[in-house]
>>> print(open('protein.pdb').read())   # PDB, C-alpha atoms
ATOM      1  CA  MET A   1     157.316   2.573 -74.505
ATOM      2  CA  ALA A   2     157.095   5.047 -77.387
ATOM      3  CA  LYS A   3     159.839   3.155 -79.234
ATOM      4  CA  THR A   4     157.934  -0.105 -78.854
ATOM      5  CA  ALA A   5     154.671   1.392 -80.086
ATOM      6  CA  TYR A   6     156.375   3.009 -83.059
ATOM      7  CA  ALA A   7     158.245  -0.175 -83.971
ATOM      8  CA  ALA A   8     155.044  -2.225 -83.891
ATOM      9  CA  SER A   9     153.194   0.160 -86.185
ATOM     10  CA  GLN A  10     156.129   0.407 -88.555
ATOM     11  CA  ASN A  11     156.191  -3.366 -89.000
ATOM     12  CA  SER A  12     152.509  -3.409 -89.929
ATOM     13  CA  VAL A  13     152.994  -1.128 -92.953
ATOM     14  CA  ARG A  14     152.441  -3.176 -96.079
ATOM     15  CA  THR A  15     153.590  -2.625 -99.610
ATOM     16  CA  PRO A  16     151.323  -3.288-102.595
ATOM     17  CA  ARG A  17     153.560  -6.205-103.619
ATOM     18  CA  GLY A  18     153.405  -7.601-100.103
ATOM     19  CA  ILE A  19     149.625  -7.433-100.133
ATOM     20  CA  GLU A  20     149.504  -9.161-103.520
ATOM     21  CA  TYR A  21     151.909 -11.831-102.281
ATOM     22  CA  GLU A  22     149.771 -12.464 -99.192
ATOM     23  CA  ALA A  23     146.603 -12.750-101.294
ATOM     24  CA  PHE A  24     148.230 -15.262-103.631
ATOM     25  CA  ALA A  25     149.717 -17.204-100.709
ATOM     26  CA  ARG A  26     146.384 -17.406 -98.871
ATOM     27  CA  ILE A  27     144.421 -18.504-101.935
ATOM     28  CA  THR A  28     147.095 -20.942-103.119
ATOM     29  CA  HIS A  29     147.120 -22.542 -99.678
ATOM     30  CA  ARG A  30     143.327 -22.911 -99.834
ATOM     31  CA  LEU A  31     143.533 -24.486-103.295
ATOM     32  CA  LYS A  32     146.090 -27.032-102.087
ATOM     33  CA  THR A  33     144.475 -27.956 -98.794
ATOM     34  CA  SER A  34     140.984 -28.298-100.204
ATOM     35  CA  ALA A  35     142.223 -30.448-103.103
ATOM     36  CA  GLU A  36     144.058 -32.710-100.655
ATOM     37  CA  LYS A  37     140.730 -33.496 -98.952
ATOM     38  CA  GLY A  38     139.401 -35.125-102.098
ATOM     39  CA  ARG A  39     135.627 -35.354-102.432
ATOM     40  CA  ASN A  40     135.143 -34.095 -98.888
ATOM     41  CA  GLY A  41     136.850 -30.828 -99.779
ATOM     42  CA  PHE A  42     134.989 -30.111-103.006
ATOM     43  CA  GLY A  43     132.929 -27.273-101.527
ATOM     44  CA  GLN A  44     136.056 -25.661-100.154
ATOM     45  CA  LEU A  45     137.822 -26.207-103.481
ATOM     46  CA  ALA A  46     134.989 -24.512-105.360
ATOM     47  CA  GLN A  47     135.215 -21.551-102.967
ATOM     48  CA  ALA A  48     139.005 -21.372-103.365
ATOM     49  CA  ILE A  49     138.653 -21.435-107.150
ATOM     50  CA  HIS A  50     136.109 -18.628-106.944
ATOM     51  CA  GLU A  51     138.531 -16.572-104.826
ATOM     52  CA  ASN A  52     141.376 -17.351-107.224
ATOM     53  CA  ARG A  53     139.274 -16.202-110.173
ATOM     54  CA  ARG A  54     138.401 -12.973-108.362
ATOM     55  CA  LEU A  55     142.076 -12.318-107.635
ATOM     56  CA  TRP A  56     143.048 -12.924-111.246
ATOM     57  CA  THR A  57     140.169 -10.731-112.465
ATOM     58  CA  LEU A  58     141.460  -7.885-110.292
ATOM     59  CA  LEU A  59     144.953  -8.432-111.657
ATOM     60  CA  ALA A  60     143.674  -8.457-115.246
ATOM     61  CA  ALA A  61     141.777  -5.222-114.681
ATOM     62  CA  ASP A  62     144.882  -3.647-113.196
ATOM     63  CA  VAL A  63     147.188  -4.599-116.068
ATOM     64  CA  SER A  64     144.526  -3.501-118.575
ATOM     65  CA  ALA A  65     144.484   0.030-117.189
ATOM     66  CA  THR A  66     146.202   2.566-119.411
ATOM     67  CA  ASP A  67     148.068   4.059-116.457
ATOM     68  CA  ASN A  68     149.590   0.725-115.358
ATOM     69  CA  GLY A  69     153.356   1.187-115.089
ATOM     70  CA  LEU A  70     154.396  -2.359-115.975
ATOM     71  CA  PRO A  71     156.040  -3.014-119.348
ATOM     72  CA  ALA A  72     153.513  -3.873-122.087
ATOM     73  CA  GLU A  73     154.942  -7.376-122.607
ATOM     74  CA  LEU A  74     154.635  -8.249-118.915
ATOM     75  CA  ARG A  75     151.110  -6.849-118.813
ATOM     76  CA  ALA A  76     150.187  -9.033-121.801
ATOM     77  CA  ARG A  77     151.646 -12.135-120.149
ATOM     78  CA  ILE A  78     149.752 -11.492-116.921
ATOM     79  CA  PHE A  79     146.537 -10.988-118.896
ATOM     80  CA  TYR A  80     147.162 -14.277-120.735
ATOM     81  CA  LEU A  81     147.614 -16.031-117.378
ATOM     82  CA  TYR A  82     144.309 -14.532-116.260
ATOM     83  CA  GLU A  83     142.585 -16.005-119.317
ATOM     84  CA  PHE A  84     144.284 -19.360-118.829
ATOM     85  CA  THR A  85     143.471 -19.609-115.115
ATOM     86  CA  ASN A  86     139.865 -18.625-115.756
ATOM     87  CA  HIS A  87     139.527 -21.326-118.416
ATOM     88  CA  HIS A  88     141.461 -23.959-116.467
ATOM     89  CA  SER A  89     139.366 -23.341-113.345
ATOM     90  CA  ARG A  90     136.406 -24.914-115.150
ATOM     91  CA  LYS A  91     138.481 -28.048-115.708
ATOM     92  CA  VAL A  92     139.421 -28.187-112.039
ATOM     93  CA  LEU A  93     135.773 -28.138-111.023
ATOM     94  CA  GLN A  94     135.263 -31.222-113.199
ATOM     95  CA  ASP A  95     138.516 -32.899-112.180
ATOM     96  CA  PRO A  96     140.093 -31.646-108.933
ATOM     97  CA  GLU A  97     143.350 -33.406-109.841
ATOM     98  CA  GLU A  98     143.925 -30.541-112.303
ATOM     99  CA  VAL A  99     144.350 -28.023-109.448
ATOM    100  CA  ALA A 100     148.143 -28.473-109.484
ATOM    101  CA  VAL A 101     148.399 -26.266-112.581
ATOM    102  CA  LEU A 102     146.675 -23.359-110.806
ATOM    103  CA  VAL A 103     148.908 -23.852-107.773
ATOM    104  CA  GLU A 104     152.020 -23.805-109.991
ATOM    105  CA  ILE A 105     150.960 -20.583-111.711
ATOM    106  CA  ASN A 106     150.185 -18.852-108.427
ATOM    107  CA  THR A 107     153.468 -20.049-106.928
ATOM    108  CA  ALA A 108     155.392 -18.661-109.904
ATOM    109  CA  ILE A 109     153.671 -15.297-109.448
ATOM    110  CA  MET A 110     154.543 -15.370-105.743
ATOM    111  CA  ARG A 111     158.206 -16.037-106.584
ATOM    112  CA  GLY A 112     158.182 -13.053-108.939
ATOM    113  CA  LEU A 113     156.583 -10.802-106.344
ATOM    114  CA  LYS A 114     159.086 -11.923-103.730
ATOM    115  CA  GLN A 115     162.073 -11.315-106.036
ATOM    116  CA  LYS A 116     160.810  -7.812-106.879
ATOM    117  CA  ALA A 117     160.387  -7.021-103.190
ATOM    118  CA  GLU A 118     163.877  -8.264-102.324
ATOM    119  CA  ALA A 119     165.416  -6.280-105.203
ATOM    120  CA  ALA A 120     163.732  -3.061-104.047
TER     121      ALA A 120
END
>>> encode(input="protein.pdb", output="structure tokens")
Amino acid sequence: MAKTAYAASQNSVRTPRGIEYEAFARITHRLKTSAEKGRNGFGQLAQAIHENRRLWTLLAADVSATDNGLPAELRARIFYLYEFTNHHSRKVLQDPEEVAVLVEINTAIMRGLKQKAEAA
């Protein structure tokens, strides 16, 4: 019984990359599913875009910190993606067909997070 309890708690330990991956996966899924609903999903799409912006704002703040351990070039690229997604989100609210770009960016970030986790 002790082995089972220990194994269950050990599986629930999350890494920072895993948490970031899950956040991107959850929000990206919401972007896709709400966009697929068309006009009926606009409220959900607006909420998903808001969540996506919040996630990217947190990421931008993190890479802007002087004690961030990522290479400067990668930090700059992530910050650029933050600016782009923030700007492009306005376009999506006017034309939900544009959501595919945000989904592609998030998916690329998820691939990068997954590769880093597998390499570790």
>>> atom_distance(input="protein.pdb", atom1="atom CA of A:Asp95", atom2="atom CA of A:Leu45")
11.0 Å
>>> residues_around(input="protein.pdb", residues="stretch 101-110 of chain A", least_positions_apart="3", cutoff="9 Å", atoms="only C-alpha atoms", output="list in words")
Glu20, Tyr21, Glu22, Phe24, Ala25, Ile27, Thr28, His29, Leu31, Lys32, Asn52, Leu81, Thr85, His88, Ser89, Val92, Glu98, Leu113, Lys114 and Gln115 of chain A
>>> resolve_selection(input="protein.pdb", expression="the PyMOL selection byres ((chain A and resi 57) around 12)", output="list in words")
His50, Glu51, Asn52, Arg53, Arg54, Leu55, Trp56, Leu58, Leu59, Ala60, Ala61, Asp62, Val63, Ser64, Ile78, Phe79, Tyr80, Leu81, Tyr82, Glu83, Phe84, Thr85 and Asn86 of chain A
>>> residues_around(input="protein.pdb", residues="A:Ala35", least_positions_apart="6", cutoff="8 Å", atoms="all atoms listed in the file", output="PyMOL selection string")
chain A and resi 41-42+45+96-97+99
>>> atom_distance(input="protein.pdb", atom1="atom CA of A:Ile49", atom2="atom CA of A:Leu93")
8.3 Å
>>> atom_distance(input="protein.pdb", atom1="atom CA of A:Asn68", atom2="atom CA of A:Ala48")
27.3 Å
>>> closest_residue(input="protein.pdb", among="A:Ala76, A:Gly69, A:Ala100, A:Gln94", to="A:Arg39", atoms="only C-alpha atoms")
A:Gln94
>>> closest_residue(input="protein.pdb", among="A:Arg77, A:His87, A:Arg30, A:Arg17", to="A:Ala46", atoms="all atoms listed in the file")
A:Arg30
